[in-house]
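Have a look at upload11.txt below; it lists compact mmCIF, C-alpha atoms.
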```
# COMPACT_ATOMS: atom_id res chain seq x y z
CA MET A 656 -21.46 -85.48 -45.42
CA GLN A 657 -24.29 -83.71 -43.68
CA ASN A 658 -22.38 -83.66 -40.36
CA ARG A 659 -19.45 -81.75 -41.92
CA GLN A 660 -21.66 -78.91 -43.22
CA LYS A 661 -23.36 -77.97 -39.94
CA GLY A 662 -20.71 -75.34 -39.01
CA ALA A 663 -20.62 -73.68 -42.47
CA SER A 664 -23.82 -71.66 -41.90
CA LEU A 665 -22.41 -70.34 -38.61
CA ILE A 666 -19.20 -69.14 -40.33
CA VAL A 667 -21.13 -67.47 -43.17
CA ALA A 668 -23.44 -65.76 -40.64
CA LEU A 669 -20.43 -64.48 -38.64
CA ILE A 670 -18.73 -63.12 -41.79
CA LEU A 671 -21.94 -61.31 -42.85
CA LEU A 672 -22.41 -59.93 -39.31
CA THR A 673 -18.79 -58.64 -39.31
CA ILE A 674 -19.29 -56.92 -42.69
CA ILE A 675 -22.55 -55.28 -41.54
CA THR A 676 -20.86 -54.11 -38.31
CA LEU A 677 -17.95 -52.56 -40.24
CA VAL A 678 -20.32 -50.74 -42.60
CA ALA A 679 -22.31 -49.39 -39.60
CA VAL A 680 -19.13 -48.21 -37.81
CA TYR A 681 -17.86 -46.38 -40.92
CA SER A 682 -21.21 -44.70 -41.52
CA ILE A 683 -21.38 -43.55 -37.86
CA GLU A 684 -17.82 -42.22 -38.12
CA GLY A 685 -18.75 -40.33 -41.30
CA SER A 686 -21.80 -38.76 -39.67
CA THR A 687 -19.69 -37.77 -36.65
CA ILE A 688 -17.24 -35.97 -38.93
CA GLN A 689 -20.13 -34.25 -40.71
CA SER A 690 -21.56 -33.16 -37.35
CA LYS A 691 -18.21 -31.68 -36.38
CA MET A 692 -17.98 -29.87 -39.73
CA ILE A 693 -21.48 -28.41 -39.26
CA ALA A 694 -20.64 -27.35 -35.68
CA ASN A 695 -17.43 -25.69 -36.87
CA SER A 696 -19.34 -23.82 -39.56
CA LEU A 697 -21.95 -22.72 -37.01
CA PHE A 698 -19.34 -21.56 -34.48
CA SER A 699 -17.39 -19.77 -37.20
CA THR A 700 -20.52 -17.89 -38.27
CA LEU A 701 -21.33 -17.08 -34.65
CA THR A 702 -17.86 -15.65 -33.95
CA TYR A 703 -17.94 -13.66 -37.22
CA GLN A 704 -21.33 -12.13 -36.41
CA GLU A 705 -20.41 -11.33 -32.81
CA CYS A 706 -17.18 -9.65 -33.92
CA ARG A 707 -19.06 -7.60 -36.52
CA ASN A 708 -21.72 -6.66 -33.93
CA GLU A 709 -18.99 -5.59 -31.52
CA GLN A 710 -17.35 -3.38 -34.13
CA GLU A 711 -20.69 -1.77 -35.02
CA SER A 712 -21.44 -1.24 -31.30
CA ASN A 713 -18.06 0.44 -30.94
CA ILE A 714 -18.76 2.82 -33.80
CA ARG A 715 -22.24 3.65 -32.45
CA PHE A 716 -20.74 4.31 -29.01
CA TYR A 717 -18.11 6.72 -30.32
CA ASN A 718 -20.64 8.50 -32.56
CA ALA A 719 -23.31 8.81 -29.86
CA ASP A 720 -24.27 12.28 -28.66
CA GLY A 721 -22.61 14.00 -31.61
CA GLY A 722 -19.32 12.18 -31.15
CA ALA A 723 -18.89 13.02 -27.46
CA GLN A 724 -16.74 9.90 -26.91
CA LEU A 725 -14.38 10.57 -29.83
CA GLU A 726 -11.87 12.25 -27.54
CA THR A 727 -11.00 8.78 -26.20
CA LEU A 728 -9.93 7.75 -29.71
CA THR A 729 -8.21 10.99 -30.61
CA ASN A 730 -6.10 10.75 -27.45
CA LEU A 731 -4.53 7.68 -29.07
CA LYS A 732 -3.25 9.88 -31.90
CA ASP A 733 -0.38 11.40 -29.92
CA SER A 734 0.34 8.56 -27.50
CA PHE A 735 2.81 5.69 -27.89
CA GLU A 736 3.39 2.26 -26.37
CA LEU A 737 5.93 2.56 -23.57
CA ASP A 738 8.52 0.06 -22.34
CA GLU A 739 9.33 -0.67 -18.68
CA ASP A 740 11.48 2.46 -18.45
CA GLY A 741 8.75 4.73 -19.83
CA ASN A 742 10.43 5.20 -23.22
CA PRO A 743 8.44 4.85 -26.47
CA MET A 744 8.75 1.38 -28.01
CA LEU A 745 10.08 1.23 -31.58
CA ASP A 746 9.18 -1.04 -34.49
CA GLN A 747 11.70 -2.71 -36.83
CA ASP A 748 12.10 0.51 -38.85
CA GLY A 749 12.76 2.66 -35.77
CA ASN A 750 9.30 4.29 -35.75
CA LYS A 751 7.47 4.78 -32.46
CA LEU A 752 4.70 2.21 -31.91
CA PRO A 753 1.34 3.94 -31.55
CA SER A 754 -0.63 3.25 -28.41
CA SER A 755 -3.80 1.18 -28.61
CA LEU A 756 -6.95 0.87 -26.54
CA THR A 757 -7.58 -2.83 -25.77
CA VAL A 758 -10.76 -4.13 -24.16
CA SER A 759 -11.72 -7.72 -23.37
CA GLY A 760 -13.87 -9.82 -21.06
CA ASP A 761 -17.09 -8.36 -19.69
CA ASN A 762 -16.12 -4.85 -20.82
CA VAL A 763 -16.97 -5.44 -24.48
CA PHE A 764 -19.96 -3.40 -25.61
CA THR A 765 -22.09 -6.30 -26.82
CA LYS A 766 -21.94 -7.87 -23.35
CA GLN A 767 -22.95 -4.57 -21.73
CA TYR A 768 -25.65 -3.22 -24.03
CA ASN A 769 -27.28 -6.09 -25.92
CA ILE A 770 -30.29 -8.01 -24.72
CA ASN A 771 -28.56 -11.15 -26.02
CA PRO A 772 -24.95 -10.80 -24.82
CA ALA A 773 -22.06 -12.29 -26.75
CA LYS A 774 -21.53 -16.01 -26.22
CA SER A 775 -17.89 -15.95 -27.26
CA ASP A 776 -14.77 -14.71 -25.53
CA MET A 777 -14.10 -11.44 -27.26
CA SER A 778 -11.49 -8.72 -27.25
CA TYR A 779 -10.98 -5.70 -29.44
CA SER A 780 -8.53 -2.89 -29.79
CA TRP A 781 -8.47 0.54 -31.37
CA SER A 782 -5.25 1.95 -32.75
CA TYR A 783 -4.41 5.16 -34.57
CA VAL A 784 -3.17 4.68 -38.15
CA LYS A 785 -2.71 8.10 -39.74
CA GLU A 786 -4.14 11.49 -40.59
CA ASP A 787 -5.61 11.43 -44.08
CA ASN A 788 -7.75 14.25 -45.42
CA LYS A 789 -8.54 12.62 -48.74
CA PHE A 790 -11.65 11.15 -47.11
CA LEU A 791 -13.19 14.61 -46.80
CA GLY A 792 -16.08 14.65 -49.21
CA GLY A 793 -16.46 17.57 -51.56
CA SER A 794 -13.56 19.60 -50.25
CA ASP A 795 -10.21 20.52 -51.71
CA LYS A 796 -7.53 18.94 -49.55
CA ASP A 797 -5.01 21.58 -50.58
CA SER A 798 -7.12 24.35 -49.08
CA GLU A 799 -7.20 25.31 -45.43
CA SER A 800 -9.82 23.20 -43.69
CA ILE A 801 -10.89 23.18 -40.08
CA VAL A 802 -11.87 19.51 -40.37
CA THR A 803 -9.26 16.78 -40.17
CA THR A 804 -9.79 13.10 -40.89
CA TYR A 805 -8.06 10.52 -38.72
CA ILE A 806 -7.91 6.86 -39.68
CA PHE A 807 -8.21 4.30 -36.88
CA GLN A 808 -8.11 0.52 -36.99
CA ASN A 809 -10.46 -1.64 -34.94
CA ASP A 810 -9.28 -5.24 -34.48
CA CYS A 811 -11.69 -7.78 -33.03
CA THR A 812 -10.96 -11.36 -31.96
CA SER A 813 -13.83 -13.66 -31.03
CA THR A 814 -13.41 -17.25 -29.79
CA PHE A 815 -16.18 -19.76 -29.13
CA ARG A 816 -15.23 -23.33 -28.30
CA PHE A 817 -12.78 -24.34 -31.04
CA SER A 818 -13.54 -21.57 -33.52
CA THR A 819 -11.72 -18.22 -33.63
CA ASN A 820 -12.45 -15.24 -35.85
CA ASN A 821 -10.25 -12.16 -36.35
CA GLN A 822 -11.48 -9.04 -38.11
CA SER A 823 -10.03 -5.63 -38.80
CA LEU A 824 -12.07 -2.58 -39.64
CA ALA A 825 -10.73 0.80 -40.74
CA VAL A 826 -12.67 3.79 -39.45
CA ALA A 827 -12.38 7.37 -40.73
CA VAL A 828 -13.13 9.90 -37.99
CA GLU A 829 -13.68 13.54 -38.94
CA MET A 830 -12.89 16.05 -36.22
CA LEU A 831 -12.24 19.71 -35.94
CA ALA A 832 -8.56 20.29 -36.52
CA PRO A 833 -6.63 21.53 -33.52
CA PRO A 834 -5.69 25.19 -33.79
CA SER A 835 -2.29 25.68 -35.39
CA ASN A 836 0.43 27.32 -33.36
CA PRO A 837 1.67 30.60 -34.92
```
So, in terms of structure tokens, how does the structure I just supplied come out?
Amino acid sequence: MQNRQKGASLIVALILLTIITLVAVYSIEGSTIQSKMIANSLFSTLTYQECRNEQESNIRFYNADGGAQLETLTNLKDSFELDEDGNPMLDQDGNKLPSSLTVSGDNVFTKQYNINPAKSDMSYSWSYVKEDNKFLGGSDKDSESIVTTYIFQNDCTSTFRFSTNNQSLAVAVEMLAPPSNP
């Protein structure tokens, strides 16, 4: 009887070793998934912050020196996207597509002006939306005003590793109205 039981302890030990190995593999797999989730959250936060910093840098740039750079934006107001033949492109409703100013790569402001340049691949664009004088504070929009408010949209896309963040920011720009033609 004793000879028949010598292999039983080996089988029990192998079964216990297999169970312990499976538990260890599942716990390592769970911690790997958690590490990936934490990295995704970190990269998402990084791309969000870099996009927001880029948008704020854009606004500071166009407002610098009393708005000396605003002409670049206001030139978008009367320009349209053109096709290969030089004709304005139309949207689904037949309206002309407004032109946009698109910047990417090393030309983004945060890569040029910050001590800690952006780590992500970033691009942004400015596009003209509409003229809207209701943003003028304390004035009557029905009265003659020499100030006109233009609404622009700033779209930013930031990508770092496997995380991408897109943000849009509306910007109201007050400028002297162009003289009216009699």
### Task
Using only C-alpha atoms, find the one residue out of A:Ser775, A:Cys811, A:Ser755, A:Asn718 that sits nearest to Ala827 in chain A.
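Answer, going by the shortest atom-to-atom distance: A:Asn718.
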For Gln710 in chain A, find every residue with an atom within 9 Å (counting only C-alpha atoms), except residues of its own chain fewer than 2 positions away, and show them as a short mmCIF file (atom, residue, chain, number, x, y, z; two decimals) with C-alpha atoms, in the frame of the given file.
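New file selection-v7.cif:
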```cif
data_model
loop_
_atom_site.label_atom_id
_atom_site.label_comp_id
_atom_site.auth_asym_id
_atom_site.auth_seq_id
_atom_site.Cartn_x
_atom_site.Cartn_y
_atom_site.Cartn_z
CA GLU A 705 -20.41 -11.33 -32.81
CA CYS A 706 -17.18 -9.65 -33.92
CA ARG A 707 -19.06 -7.60 -36.52
CA ASN A 708 -21.72 -6.66 -33.93
CA SER A 712 -21.44 -1.24 -31.30
CA ASN A 713 -18.06 0.44 -30.94
CA ILE A 714 -18.76 2.82 -33.80
CA ARG A 715 -22.24 3.65 -32.45
CA PHE A 764 -19.96 -3.40 -25.61
CA TYR A 779 -10.98 -5.70 -29.44
CA ASN A 809 -10.46 -1.64 -34.94
CA ASP A 810 -9.28 -5.24 -34.48
CA CYS A 811 -11.69 -7.78 -33.03
CA SER A 823 -10.03 -5.63 -38.80
CA LEU A 824 -12.07 -2.58 -39.64
#
```
### Summary
Students should find that CA of Gln808 in chain A and CA of Lys785 in chain A are spaced 9.7 Å
### Task
State, in Å with one decimal place, the distance from CA of Ile693 in chain A to CA of Phe815 in chain A.
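Result for CA of Ile693 in chain A versus CA of Phe815 in chain A: 14.3 Å, one decimal.
Interatomic distance, CA of Leu672 in chain A against CA of Lys691 in chain A: 28.7 Å.
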### Task
Could you tell me which of A:Leu701, A:Val667, A:Val802, A:Leu725 comes closest to Asn820 in chain A if we count all atoms listed in the file?
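Of the candidates, the smallest distance to Asn820 in chain A is held by A:Leu701.
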### Message
Which residues are near Ser734 in chain A? Cut-off 9 Å, only C-alpha atoms, ignore same chain within fewer than 5 positions. Put them as a PyMOL selection string.
### Response
chain A and resi 743+752-755
